[in-house]
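Trainee: Just final_39.cif, nothing more (mmCIF, C-alpha atoms and all ligand atoms):
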```
data_coords
#
loop_
_atom_site.label_atom_id
_atom_site.label_comp_id
_atom_site.auth_asym_id
_atom_site.auth_seq_id
_atom_site.Cartn_x
_atom_site.Cartn_y
_atom_site.Cartn_z
CA MET A 4 -7.12 -1.19 8.70
CA LYS A 5 -7.41 -4.92 9.26
CA ILE A 6 -8.44 -7.22 6.41
CA PHE A 7 -10.57 -10.30 7.04
CA LEU A 8 -11.41 -12.87 4.38
CA ASP A 9 -15.15 -13.46 3.94
CA THR A 10 -15.31 -17.16 3.09
CA ALA A 11 -15.42 -20.68 4.50
CA ASN A 12 -13.29 -22.02 1.64
CA ILE A 13 -10.13 -23.45 3.18
CA GLU A 14 -8.08 -23.32 -0.03
CA GLN A 15 -8.76 -19.60 -0.44
CA ILE A 16 -7.95 -19.02 3.23
CA LYS A 17 -4.63 -20.89 2.92
CA GLU A 18 -3.77 -18.93 -0.23
CA ALA A 19 -4.61 -15.58 1.40
CA GLN A 20 -2.65 -16.57 4.48
CA LYS A 21 0.44 -17.13 2.31
CA LEU A 22 0.05 -13.58 1.01
CA GLY A 23 0.50 -12.45 4.62
CA ILE A 24 -2.20 -9.81 4.54
CA ILE A 25 -5.09 -11.54 6.31
CA ASP A 26 -5.94 -10.70 9.93
CA GLY A 27 -9.03 -12.89 10.33
CA VAL A 28 -11.95 -14.65 8.65
CA THR A 29 -15.72 -14.22 8.64
CA THR A 30 -18.16 -16.96 7.69
CA ASN A 31 -21.94 -17.14 7.58
CA PRO A 32 -24.45 -19.98 7.03
CA THR A 33 -24.59 -19.27 3.27
CA LEU A 34 -20.80 -19.39 2.89
CA VAL A 35 -20.57 -22.60 4.97
CA SER A 36 -23.37 -24.23 2.96
CA LYS A 37 -21.27 -23.86 -0.21
CA GLU A 38 -18.54 -26.06 1.30
CA ASN A 39 -18.59 -29.81 1.60
CA ALA A 40 -17.55 -29.74 5.25
CA VAL A 41 -18.77 -30.31 8.80
CA PHE A 42 -19.33 -26.82 10.24
CA GLU A 43 -17.43 -27.20 13.54
CA GLU A 44 -14.55 -29.05 11.84
CA ARG A 45 -14.22 -26.36 9.19
CA ILE A 46 -14.18 -23.60 11.82
CA SER A 47 -11.45 -25.44 13.71
CA GLU A 48 -9.44 -25.91 10.49
CA ILE A 49 -9.77 -22.18 9.66
CA CYS A 50 -8.64 -21.21 13.18
CA GLU A 51 -5.52 -23.35 12.82
CA VAL A 52 -4.58 -21.65 9.56
CA VAL A 53 -5.42 -18.05 10.44
CA LYS A 54 -4.63 -17.71 14.16
CA GLY A 55 -6.76 -14.56 14.25
CA PRO A 56 -10.47 -13.82 14.82
CA VAL A 57 -12.73 -16.31 12.99
CA SER A 58 -16.45 -15.56 13.00
CA ALA A 59 -18.82 -18.53 13.20
CA GLU A 60 -22.56 -17.83 13.16
CA VAL A 61 -25.29 -19.26 15.40
CA THR A 62 -28.56 -20.37 13.85
CA SER A 63 -30.95 -20.42 16.83
CA SER A 64 -33.57 -17.70 16.96
CA ASN A 65 -33.91 -17.35 20.73
CA ALA A 66 -31.32 -16.04 23.18
CA GLU A 67 -31.05 -19.32 25.13
CA GLY A 68 -30.35 -21.30 21.97
CA MET A 69 -27.83 -18.74 20.73
CA ILE A 70 -26.01 -18.74 24.07
CA GLU A 71 -25.82 -22.54 24.11
CA GLU A 72 -24.48 -22.63 20.53
CA ALA A 73 -22.05 -19.81 21.27
CA ARG A 74 -20.55 -21.58 24.29
CA LYS A 75 -19.95 -24.71 22.18
CA LEU A 76 -18.45 -22.72 19.30
CA ALA A 77 -16.18 -20.77 21.66
CA LYS A 78 -14.72 -24.07 22.90
CA ILE A 79 -13.45 -24.91 19.39
CA SER A 80 -10.65 -22.36 19.59
CA GLU A 81 -9.62 -19.17 21.37
CA HIS A 82 -9.89 -17.50 17.93
CA VAL A 83 -13.61 -18.11 17.55
CA VAL A 84 -15.84 -15.04 17.47
CA VAL A 85 -19.53 -15.90 17.70
CA LYS A 86 -21.65 -14.21 15.07
CA ILE A 87 -25.06 -13.22 16.40
CA PRO A 88 -27.90 -11.75 14.32
CA MET A 89 -29.10 -8.21 15.07
CA THR A 90 -32.38 -9.06 16.80
CA GLN A 91 -33.72 -8.43 20.32
CA GLU A 92 -32.92 -12.06 21.21
CA GLY A 93 -29.49 -11.66 19.65
CA ILE A 94 -28.71 -8.58 21.72
CA LYS A 95 -29.81 -10.39 24.92
CA ALA A 96 -27.39 -13.18 24.01
CA VAL A 97 -24.56 -10.71 23.32
CA LYS A 98 -24.99 -9.18 26.78
CA VAL A 99 -24.65 -12.60 28.47
CA LEU A 100 -21.79 -13.76 26.24
CA SER A 101 -19.76 -10.58 26.60
CA ALA A 102 -20.02 -10.91 30.40
CA GLU A 103 -18.59 -14.43 30.00
CA GLY A 104 -15.70 -13.12 27.90
CA ILE A 105 -16.95 -14.76 24.69
CA LYS A 106 -16.23 -12.55 21.68
CA THR A 107 -19.23 -11.60 19.53
CA ASN A 108 -19.81 -10.15 16.07
CA VAL A 109 -23.30 -8.68 15.62
CA THR A 110 -24.25 -9.35 12.03
CA LEU A 111 -26.94 -8.13 9.62
CA VAL A 112 -26.54 -4.54 10.80
CA PHE A 113 -28.24 -2.09 8.44
CA SER A 114 -28.58 1.06 10.58
CA ALA A 115 -26.50 3.12 12.98
CA LEU A 116 -29.17 2.66 15.66
CA GLN A 117 -28.68 -1.10 15.48
CA ALA A 118 -24.92 -0.57 15.79
CA ILE A 119 -25.44 1.52 18.96
CA LEU A 120 -27.54 -1.26 20.53
CA ALA A 121 -24.91 -3.87 19.70
CA ALA A 122 -22.12 -1.72 21.15
CA LYS A 123 -24.11 -1.06 24.32
CA ALA A 124 -24.62 -4.82 24.78
CA GLY A 125 -20.83 -5.26 24.65
CA ALA A 126 -20.37 -6.67 21.14
CA THR A 127 -16.72 -7.10 20.17
CA TYR A 128 -17.57 -6.32 16.53
CA VAL A 129 -20.51 -5.04 14.47
CA SER A 130 -20.92 -5.97 10.82
CA PRO A 131 -22.79 -3.38 8.73
CA PHE A 132 -23.63 -4.87 5.29
CA ILE A 133 -22.86 -2.12 2.81
CA GLY A 134 -23.22 -4.06 -0.46
CA ARG A 135 -26.75 -5.16 0.39
CA LEU A 136 -27.64 -1.52 1.19
CA ASP A 137 -26.21 -0.38 -2.16
CA ASP A 138 -28.33 -3.12 -3.80
CA ILE A 139 -31.54 -1.44 -2.60
CA GLY A 140 -30.48 2.05 -3.64
CA HIS A 141 -29.03 3.24 -0.32
CA MET A 142 -25.52 4.60 0.19
CA GLY A 143 -23.92 1.76 2.16
CA MET A 144 -20.76 3.69 2.94
CA GLU A 145 -22.73 6.53 4.59
CA LEU A 146 -23.72 4.00 7.25
CA ILE A 147 -20.06 3.28 7.95
CA GLU A 148 -19.36 7.01 8.27
CA GLN A 149 -22.22 7.37 10.78
CA ILE A 150 -21.10 4.42 12.90
CA VAL A 151 -17.44 5.55 12.87
CA GLN A 152 -18.53 8.99 14.10
CA ILE A 153 -20.89 7.66 16.80
CA PHE A 154 -18.40 5.14 18.18
CA LYS A 155 -15.81 7.93 18.29
CA ASN A 156 -18.24 10.32 20.07
CA TYR A 157 -18.82 7.85 22.88
CA ASP A 158 -15.51 5.98 22.80
CA TYR A 159 -17.25 2.66 22.18
CA LYS A 160 -14.69 -0.16 21.99
CA THR A 161 -16.73 -2.22 19.52
CA GLU A 162 -14.87 -2.55 16.21
CA ILE A 163 -16.59 -2.00 12.88
CA ILE A 164 -16.30 -4.77 10.30
CA VAL A 165 -17.28 -3.32 6.92
CA ALA A 166 -19.13 -6.29 5.41
CA SER A 167 -20.94 -7.30 2.23
CA VAL A 168 -18.06 -5.89 0.24
CA ARG A 169 -18.45 -6.34 -3.50
CA HIS A 170 -15.48 -4.59 -5.13
CA PRO A 171 -12.11 -2.90 -4.41
CA GLU A 172 -13.73 0.57 -4.38
CA HIS A 173 -15.64 -0.49 -1.25
CA VAL A 174 -12.31 -1.35 0.42
CA LEU A 175 -10.81 2.00 -0.52
CA GLU A 176 -13.82 3.97 0.74
CA ALA A 177 -13.96 1.93 3.96
CA ALA A 178 -10.32 2.80 4.61
CA ILE A 179 -10.93 6.50 3.91
CA VAL A 180 -13.92 6.78 6.25
CA GLY A 181 -12.11 4.85 9.00
CA GLY A 182 -13.74 1.40 9.20
CA ASP A 183 -11.63 -0.72 11.59
CA ILE A 184 -11.83 -3.87 9.49
CA VAL A 185 -13.01 -4.78 6.03
CA THR A 186 -14.11 -8.35 5.30
CA VAL A 187 -13.71 -9.28 1.66
CA PRO A 188 -14.25 -12.18 -0.70
CA PHE A 189 -11.03 -13.67 -2.12
CA ALA A 190 -11.88 -12.34 -5.61
CA VAL A 191 -11.77 -8.77 -4.26
CA ILE A 192 -8.31 -9.37 -2.76
CA GLU A 193 -7.11 -10.56 -6.17
CA LYS A 194 -8.52 -7.43 -7.82
CA MET A 195 -6.81 -5.20 -5.22
CA PHE A 196 -3.44 -6.42 -6.51
CA LYS A 197 -4.16 -5.34 -10.05
CA HIS A 198 -3.15 -2.14 -11.80
CA PRO A 199 -2.62 -1.90 -15.58
CA MET A 200 0.37 0.42 -15.08
CA THR A 201 2.07 -2.24 -12.94
CA ASP A 202 1.59 -4.83 -15.71
CA LEU A 203 2.78 -2.42 -18.39
CA GLY A 204 5.76 -1.31 -16.31
CA LEU A 205 6.81 -4.91 -15.67
CA GLU A 206 6.41 -5.79 -19.34
CA ARG A 207 8.75 -2.91 -20.29
CA PHE A 208 11.33 -3.79 -17.63
CA ASN A 209 11.37 -7.42 -18.82
CA ALA A 210 11.69 -6.42 -22.49
CA ASP A 211 14.52 -3.97 -21.74
CA TRP A 212 16.30 -6.53 -19.58
CA LYS A 213 16.08 -9.09 -22.39
CA LYS A 214 17.56 -6.59 -24.88
CA TYR A 215 20.34 -5.75 -22.43
CA GLN A 216 21.18 -9.43 -21.89
CA GLU A 217 21.27 -10.03 -25.66
CA TYR A 218 23.58 -7.03 -26.11
CA MET A 219 25.90 -8.16 -23.29
CA SER A 220 26.07 -11.73 -24.63
CA LYS A 221 27.31 -10.42 -28.01
CA LYS A 222 30.08 -8.32 -26.44
C1 LIG B 301 -20.15 -10.71 6.63
O1 LIG B 301 -19.80 -11.10 7.70
C2 LIG B 301 -21.00 -11.46 5.71
O2 LIG B 301 -20.56 -12.79 5.73
C3 LIG B 301 -20.87 -11.02 4.26
O3 LIG B 301 -20.04 -9.90 4.14
C4 LIG B 301 -22.17 -10.92 3.54
O4 LIG B 301 -21.90 -10.51 2.22
P1 LIG B 301 -22.96 -10.64 1.03
O5 LIG B 301 -23.94 -9.52 1.15
O6 LIG B 301 -22.12 -10.52 -0.20
O7 LIG B 301 -23.60 -11.99 1.17
#
```
Rewrite the structure of this file - the entire thing - as structure tokens.
Ligand code: E4P
Mentor:
Amino acid sequence: MKIFLDTANIEQIKEAQKLGIIDGVTTNPTLVSKENAVFEERISEICEVVKGPVSAEVTSSNAEGMIEEARKLAKISEHVVVKIPMTQEGIKAVKVLSAEGIKTNVTLVFSALQAILAAKAGATYVSPFIGRLDDIGHMGMELIEQIVQIFKNYDYKTEIIVASVRHPEHVLEAAIVGGDIVTVPFAVIEKMFKHPMTDLGLERFNADWKKYQEYMSKK
């Protein structure tokens, strides 16, 4: 399973890159708005650090506008993936862009039917938002299971980015059901490292090593 970082924060991206476990980055207008940065410049900066797929979202609501934005974004770097909302206009844009070889990530996917439409239009990725489904009392991960099964049935090449991830359990379940990619906030990555038994084990090793060194120094 590939891990993408879901942020536009360059410090977090650099830190995650040093950990060596990040395959790409996803951004959205909300995440970019939290940063004090020019959108295109930040995307370029992220691409230089990550050297993997970096999703940058269009904000037009009609296909023509999305296509124009997408062509400009794609010129920033070969790593740019254009994020397109799951609307009829968005799907028209995906069809045109995929024919031009521009990579797309269809975002705001909340049903398997939407995922089928995106795949048929030639989307490189689909992003089902599981956390937001959980928020309204649905089982977000069931959607991932459905899409995994459908894409397998028809050998669709579109990859599934499990998005709107809120906690490490989401990452674990996504891996079990076979999501291709999980995009996670930096805080979730930090939590994934943690296990109380690791901390306890390390504490004991350090204490025993200290005792051993004291004993050896007295010999
Ligand atoms: C994915 O591409 C989105 O940027 C993101 O996962 C949305 O997550 P949220 O529901 O926590 O805003």
Trainee: Could you list, as a PDB file with C-alpha atoms, in the coordinates of the input, all protein and nucleic acid residues with an atom at most 7 Å from ligand LIG 301 (chain B), counting all atoms listed in the file?
Mentor:
```pdb
ATOM      1  CA  ASP A   9     -15.150 -13.460   3.940  1.00  0.00           C
ATOM      2  CA  THR A  29     -15.720 -14.220   8.640  1.00  0.00           C
ATOM      3  CA  THR A  30     -18.160 -16.960   7.690  1.00  0.00           C
ATOM      4  CA  ASN A  31     -21.940 -17.140   7.580  1.00  0.00           C
ATOM      5  CA  THR A 110     -24.250  -9.350  12.030  1.00  0.00           C
ATOM      6  CA  SER A 130     -20.920  -5.970  10.820  1.00  0.00           C
ATOM      7  CA  PHE A 132     -23.630  -4.870   5.290  1.00  0.00           C
ATOM      8  CA  GLY A 134     -23.220  -4.060  -0.460  1.00  0.00           C
ATOM      9  CA  ARG A 135     -26.750  -5.160   0.390  1.00  0.00           C
ATOM     10  CA  ALA A 166     -19.130  -6.290   5.410  1.00  0.00           C
ATOM     11  CA  SER A 167     -20.940  -7.300   2.230  1.00  0.00           C
ATOM     12  CA  VAL A 168     -18.060  -5.890   0.240  1.00  0.00           C
ATOM     13  CA  ARG A 169     -18.450  -6.340  -3.500  1.00  0.00           C
ATOM     14  CA  THR A 186     -14.110  -8.350   5.300  1.00  0.00           C
ATOM     15  CA  VAL A 187     -13.710  -9.280   1.660  1.00  0.00           C
TER      16      VAL A 187
END
```
Trainee: Considering only C-alpha atoms, state which residue in the set A:Arg207, A:Lys214, A:Lys5, A:Lys37 is at the smallest distance from A:Gly23.
Mentor: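 Once distances to A:Gly23 are computed over only C-alpha atoms, the minimum belongs to A:Lys5.
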Trainee: Kindly indicate which residue among A:Ala73, A:Met89, A:Leu34, A:Met195 lies nearest to A:Lys106, using all atoms listed in the file for the distances.
Mentor: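 With all atoms listed in the file as the atom set, the closest residue is A:Ala73.
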Trainee: Which residues, written as a VMD selection string, have at least one atom at most 10 Å from A:Ile24, with all atoms listed in the file counted and residues fewer than 5 positions away on the same chain left out?
Mentor: chain A and resid 5 to 8 19 192
Trainee: Go ahead and write the selection's residues with C-alpha atoms as a compact mmCIF listing (two decimals), in the coordinates of the input.
Mentor:
```txt
# COMPACT_ATOMS: atom_id res chain seq x y z
CA LYS A 5 -7.41 -4.92 9.26
CA ILE A 6 -8.44 -7.22 6.41
CA PHE A 7 -10.57 -10.30 7.04
CA LEU A 8 -11.41 -12.87 4.38
CA ALA A 19 -4.61 -15.58 1.40
CA ILE A 192 -8.31 -9.37 -2.76
```
Trainee: In Å, rounded to a single decimal, give me how far atom CA of A:Asp26 is from atom CA of A:Glu44.
Mentor: 20.4 Å
Trainee: Rounded to one decimal in Å, what is the spacing between atom CA of A:Ile164 and atom CA of A:Asn65?
Mentor: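 Those two atoms sit 24.0 Å apart.
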Trainee: In Å, how far is it from atom CA of A:Phe189 to atom CA of A:Pro88?
Mentor: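 Interatomic distance, atom CA of A:Phe189 to atom CA of A:Pro88: 23.6 Å.
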Trainee: Quick one: everything within 10 Å of A:Val52, counting only C-alpha atoms, minus sequence neighbours fewer than 6 positions away in the same chain. Send it as a PyMOL selection string.
Mentor: chain A and resi 13+16-17+20-21+27
Trainee: Atoms to include: C-alpha atoms. Write the selected residues as a PDB file, in the coordinates of the input.
Mentor:
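again08.pdb, written as the output of this step:
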```pdb
ATOM      1  CA  ILE A  13     -10.130 -23.450   3.180  1.00  0.00           C
ATOM      2  CA  ILE A  16      -7.950 -19.020   3.230  1.00  0.00           C
ATOM      3  CA  LYS A  17      -4.630 -20.890   2.920  1.00  0.00           C
ATOM      4  CA  GLN A  20      -2.650 -16.570   4.480  1.00  0.00           C
ATOM      5  CA  LYS A  21       0.440 -17.130   2.310  1.00  0.00           C
ATOM      6  CA  GLY A  27      -9.030 -12.890  10.330  1.00  0.00           C
TER       7      GLY A  27
END
```
Trainee: Please provide as a ChimeraX atom specification all residues within 9 Å of A:Pro32, with the sequence filter that same-chain residues fewer than 4 positions apart are discarded (counting only C-alpha atoms).
Mentor: /A:36-37,59-62
Trainee: Now that the selection is made, can you save its residues with C-alpha atoms as a tab-separated table (two decimals), in the coordinates of the input?
Mentor:
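Below is the file that was written, out_17.tsv:
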```
chain	number	residue	atom	x	y	z
A	36	SER	CA	-23.37	-24.23	2.96
A	37	LYS	CA	-21.27	-23.86	-0.21
A	59	ALA	CA	-18.82	-18.53	13.20
A	60	GLU	CA	-22.56	-17.83	13.16
A	61	VAL	CA	-25.29	-19.26	15.40
A	62	THR	CA	-28.56	-20.37	13.85
```
Trainee: Would you kindly return, as a PyMOL selection string, each protein, DNA or RNA residue with an atom no farther than 12 Å from any atom of A:Val85, considering only C-alpha atoms and excluding same-chain residues fewer than 5 positions away?
Mentor: chain A and resi 28-31+46+56-62+69-80+93+96-97+100-101+104-110+126-129
Trainee: Write the residues you've just listed into a file as a PDB file, keeping the file's coordinate frame, and include C-alpha atoms for each of them.
Mentor:
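Output contents, as saved in out29.pdb:
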```pdb
ATOM      1  CA  VAL A  28     -11.950 -14.650   8.650  1.00  0.00           C
ATOM      2  CA  THR A  29     -15.720 -14.220   8.640  1.00  0.00           C
ATOM      3  CA  THR A  30     -18.160 -16.960   7.690  1.00  0.00           C
ATOM      4  CA  ASN A  31     -21.940 -17.140   7.580  1.00  0.00           C
ATOM      5  CA  ILE A  46     -14.180 -23.600  11.820  1.00  0.00           C
ATOM      6  CA  PRO A  56     -10.470 -13.820  14.820  1.00  0.00           C
ATOM      7  CA  VAL A  57     -12.730 -16.310  12.990  1.00  0.00           C
ATOM      8  CA  SER A  58     -16.450 -15.560  13.000  1.00  0.00           C
ATOM      9  CA  ALA A  59     -18.820 -18.530  13.200  1.00  0.00           C
ATOM     10  CA  GLU A  60     -22.560 -17.830  13.160  1.00  0.00           C
ATOM     11  CA  VAL A  61     -25.290 -19.260  15.400  1.00  0.00           C
ATOM     12  CA  THR A  62     -28.560 -20.370  13.850  1.00  0.00           C
ATOM     13  CA  MET A  69     -27.830 -18.740  20.730  1.00  0.00           C
ATOM     14  CA  ILE A  70     -26.010 -18.740  24.070  1.00  0.00           C
ATOM     15  CA  GLU A  71     -25.820 -22.540  24.110  1.00  0.00           C
ATOM     16  CA  GLU A  72     -24.480 -22.630  20.530  1.00  0.00           C
ATOM     17  CA  ALA A  73     -22.050 -19.810  21.270  1.00  0.00           C
ATOM     18  CA  ARG A  74     -20.550 -21.580  24.290  1.00  0.00           C
ATOM     19  CA  LYS A  75     -19.950 -24.710  22.180  1.00  0.00           C
ATOM     20  CA  LEU A  76     -18.450 -22.720  19.300  1.00  0.00           C
ATOM     21  CA  ALA A  77     -16.180 -20.770  21.660  1.00  0.00           C
ATOM     22  CA  LYS A  78     -14.720 -24.070  22.900  1.00  0.00           C
ATOM     23  CA  ILE A  79     -13.450 -24.910  19.390  1.00  0.00           C
ATOM     24  CA  SER A  80     -10.650 -22.360  19.590  1.00  0.00           C
ATOM     25  CA  GLY A  93     -29.490 -11.660  19.650  1.00  0.00           C
ATOM     26  CA  ALA A  96     -27.390 -13.180  24.010  1.00  0.00           C
ATOM     27  CA  VAL A  97     -24.560 -10.710  23.320  1.00  0.00           C
ATOM     28  CA  LEU A 100     -21.790 -13.760  26.240  1.00  0.00           C
ATOM     29  CA  SER A 101     -19.760 -10.580  26.600  1.00  0.00           C
ATOM     30  CA  GLY A 104     -15.700 -13.120  27.900  1.00  0.00           C
ATOM     31  CA  ILE A 105     -16.950 -14.760  24.690  1.00  0.00           C
ATOM     32  CA  LYS A 106     -16.230 -12.550  21.680  1.00  0.00           C
ATOM     33  CA  THR A 107     -19.230 -11.600  19.530  1.00  0.00           C
ATOM     34  CA  ASN A 108     -19.810 -10.150  16.070  1.00  0.00           C
ATOM     35  CA  VAL A 109     -23.300  -8.680  15.620  1.00  0.00           C
ATOM     36  CA  THR A 110     -24.250  -9.350  12.030  1.00  0.00           C
ATOM     37  CA  ALA A 126     -20.370  -6.670  21.140  1.00  0.00           C
ATOM     38  CA  THR A 127     -16.720  -7.100  20.170  1.00  0.00           C
ATOM     39  CA  TYR A 128     -17.570  -6.320  16.530  1.00  0.00           C
ATOM     40  CA  VAL A 129     -20.510  -5.040  14.470  1.00  0.00           C
TER      41      VAL A 129
END
```
Trainee: Which residue, A:His170, A:Asp202, A:Thr90, A:Pro188, has the smallest gap to A:Gln15 when you use all atoms listed in the file?
Mentor: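 Closest to A:Gln15 of all the choices is A:Pro188.
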Trainee: Report as a ChimeraX atom specification all protein, DNA and RNA residues lying within 9 Å of A:Glu81, evaluated on only C-alpha atoms, omitting residues in the same chain fewer than 6 positions from it.
Mentor: /A:50,54-56
Trainee: Create the file for the chosen residues now, containing C-alpha atoms and written as a PDB file, in the coordinates of the input.
Mentor:
```pdb
ATOM      1  CA  CYS A  50      -8.640 -21.210  13.180  1.00  0.00           C
ATOM      2  CA  LYS A  54      -4.630 -17.710  14.160  1.00  0.00           C
ATOM      3  CA  GLY A  55      -6.760 -14.560  14.250  1.00  0.00           C
ATOM      4  CA  PRO A  56     -10.470 -13.820  14.820  1.00  0.00           C
TER       5      PRO A  56
END
```
Trainee: Between A:Ala177, A:Gln216, A:Val41, A:Val99, which one has atoms that come closest to A:Val151, using only C-alpha atoms?
Mentor: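 For A:Val151, the nearest of the given residues is A:Ala177.
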Trainee: With N, CA, C and O atoms as the goal, would you fill in the gaps in stretch 31-50 of chain A and present it as a PDB file, in the coordinates of the input?
Mentor:
```
ATOM      1  N   ASN A  31     -20.509 -17.228   7.261  1.00  0.00           N
ATOM      2  CA  ASN A  31     -21.940 -17.140   7.580  1.00  0.00           C
ATOM      3  C   ASN A  31     -22.585 -18.435   7.081  1.00  0.00           C
ATOM      4  O   ASN A  31     -21.930 -19.215   6.371  1.00  0.00           O
ATOM      5  N   PRO A  32     -23.847 -18.711   7.432  1.00  0.00           N
ATOM      6  CA  PRO A  32     -24.450 -19.980   7.030  1.00  0.00           C
ATOM      7  C   PRO A  32     -24.444 -20.195   5.513  1.00  0.00           C
ATOM      8  O   PRO A  32     -24.266 -21.321   5.044  1.00  0.00           O
ATOM      9  N   THR A  33     -24.606 -19.131   4.735  1.00  0.00           N
ATOM     10  CA  THR A  33     -24.590 -19.270   3.270  1.00  0.00           C
ATOM     11  C   THR A  33     -23.206 -19.709   2.795  1.00  0.00           C
ATOM     12  O   THR A  33     -23.075 -20.634   1.984  1.00  0.00           O
ATOM     13  N   LEU A  34     -22.169 -19.054   3.312  1.00  0.00           N
ATOM     14  CA  LEU A  34     -20.800 -19.390   2.890  1.00  0.00           C
ATOM     15  C   LEU A  34     -20.442 -20.823   3.295  1.00  0.00           C
ATOM     16  O   LEU A  34     -19.828 -21.548   2.516  1.00  0.00           O
ATOM     17  N   VAL A  35     -20.864 -21.241   4.510  1.00  0.00           N
ATOM     18  CA  VAL A  35     -20.570 -22.600   4.970  1.00  0.00           C
ATOM     19  C   VAL A  35     -21.321 -23.616   4.113  1.00  0.00           C
ATOM     20  O   VAL A  35     -20.781 -24.670   3.758  1.00  0.00           O
ATOM     21  N   SER A  36     -22.559 -23.287   3.739  1.00  0.00           N
ATOM     22  CA  SER A  36     -23.370 -24.230   2.960  1.00  0.00           C
ATOM     23  C   SER A  36     -22.780 -24.527   1.585  1.00  0.00           C
ATOM     24  O   SER A  36     -23.097 -25.529   0.971  1.00  0.00           O
ATOM     25  N   LYS A  37     -21.892 -23.638   1.103  1.00  0.00           N
ATOM     26  CA  LYS A  37     -21.270 -23.860  -0.210  1.00  0.00           C
ATOM     27  C   LYS A  37     -20.124 -24.881  -0.125  1.00  0.00           C
ATOM     28  O   LYS A  37     -19.605 -25.314  -1.136  1.00  0.00           O
ATOM     29  N   GLU A  38     -19.693 -25.186   1.106  1.00  0.00           N
ATOM     30  CA  GLU A  38     -18.540 -26.060   1.300  1.00  0.00           C
ATOM     31  C   GLU A  38     -19.019 -27.462   1.675  1.00  0.00           C
ATOM     32  O   GLU A  38     -20.015 -27.610   2.371  1.00  0.00           O
ATOM     33  N   ASN A  39     -18.244 -28.443   1.244  1.00  0.00           N
ATOM     34  CA  ASN A  39     -18.590 -29.810   1.600  1.00  0.00           C
ATOM     35  C   ASN A  39     -17.869 -30.168   2.905  1.00  0.00           C
ATOM     36  O   ASN A  39     -16.920 -30.935   2.897  1.00  0.00           O
ATOM     37  N   ALA A  40     -18.307 -29.562   4.010  1.00  0.00           N
ATOM     38  CA  ALA A  40     -17.550 -29.740   5.250  1.00  0.00           C
ATOM     39  C   ALA A  40     -18.480 -29.711   6.458  1.00  0.00           C
ATOM     40  O   ALA A  40     -19.561 -29.132   6.402  1.00  0.00           O
ATOM     41  N   VAL A  41     -18.025 -30.373   7.539  1.00  0.00           N
ATOM     42  CA  VAL A  41     -18.770 -30.310   8.800  1.00  0.00           C
ATOM     43  C   VAL A  41     -18.451 -28.946   9.413  1.00  0.00           C
ATOM     44  O   VAL A  41     -17.268 -28.585   9.546  1.00  0.00           O
ATOM     45  N   PHE A  42     -19.486 -28.197   9.778  1.00  0.00           N
ATOM     46  CA  PHE A  42     -19.330 -26.820  10.240  1.00  0.00           C
ATOM     47  C   PHE A  42     -18.233 -26.657  11.298  1.00  0.00           C
ATOM     48  O   PHE A  42     -17.258 -25.921  11.104  1.00  0.00           O
ATOM     49  N   GLU A  43     -18.371 -27.380  12.421  1.00  0.00           N
ATOM     50  CA  GLU A  43     -17.430 -27.200  13.540  1.00  0.00           C
ATOM     51  C   GLU A  43     -15.997 -27.565  13.126  1.00  0.00           C
ATOM     52  O   GLU A  43     -15.032 -26.927  13.532  1.00  0.00           O
ATOM     53  N   GLU A  44     -15.889 -28.631  12.296  1.00  0.00           N
ATOM     54  CA  GLU A  44     -14.550 -29.050  11.840  1.00  0.00           C
ATOM     55  C   GLU A  44     -13.920 -27.986  10.957  1.00  0.00           C
ATOM     56  O   GLU A  44     -12.730 -27.690  11.056  1.00  0.00           O
ATOM     57  N   ARG A  45     -14.742 -27.392  10.082  1.00  0.00           N
ATOM     58  CA  ARG A  45     -14.220 -26.360   9.190  1.00  0.00           C
ATOM     59  C   ARG A  45     -13.761 -25.133   9.983  1.00  0.00           C
ATOM     60  O   ARG A  45     -12.720 -24.549   9.708  1.00  0.00           O
ATOM     61  N   ILE A  46     -14.554 -24.769  11.001  1.00  0.00           N
ATOM     62  CA  ILE A  46     -14.180 -23.600  11.820  1.00  0.00           C
ATOM     63  C   ILE A  46     -12.838 -23.868  12.510  1.00  0.00           C
ATOM     64  O   ILE A  46     -11.943 -23.013  12.533  1.00  0.00           O
ATOM     65  N   SER A  47     -12.692 -25.093  13.033  1.00  0.00           N
ATOM     66  CA  SER A  47     -11.450 -25.440  13.710  1.00  0.00           C
ATOM     67  C   SER A  47     -10.265 -25.383  12.736  1.00  0.00           C
ATOM     68  O   SER A  47      -9.198 -24.837  13.066  1.00  0.00           O
ATOM     69  N   GLU A  48     -10.482 -25.917  11.524  1.00  0.00           N
ATOM     70  CA  GLU A  48      -9.440 -25.910  10.490  1.00  0.00           C
ATOM     71  C   GLU A  48      -9.036 -24.461  10.145  1.00  0.00           C
ATOM     72  O   GLU A  48      -7.852 -24.137  10.029  1.00  0.00           O
ATOM     73  N   ILE A  49     -10.045 -23.592  10.001  1.00  0.00           N
ATOM     74  CA  ILE A  49      -9.770 -22.180   9.660  1.00  0.00           C
ATOM     75  C   ILE A  49      -8.959 -21.530  10.782  1.00  0.00           C
ATOM     76  O   ILE A  49      -7.983 -20.822  10.534  1.00  0.00           O
ATOM     77  N   CYS A  50      -9.347 -21.806  12.034  1.00  0.00           N
ATOM     78  CA  CYS A  50      -8.640 -21.210  13.180  1.00  0.00           C
ATOM     79  C   CYS A  50      -7.170 -21.626  13.202  1.00  0.00           C
ATOM     80  O   CYS A  50      -6.299 -20.824  13.540  1.00  0.00           O
TER      81      CYS A  50
END
```
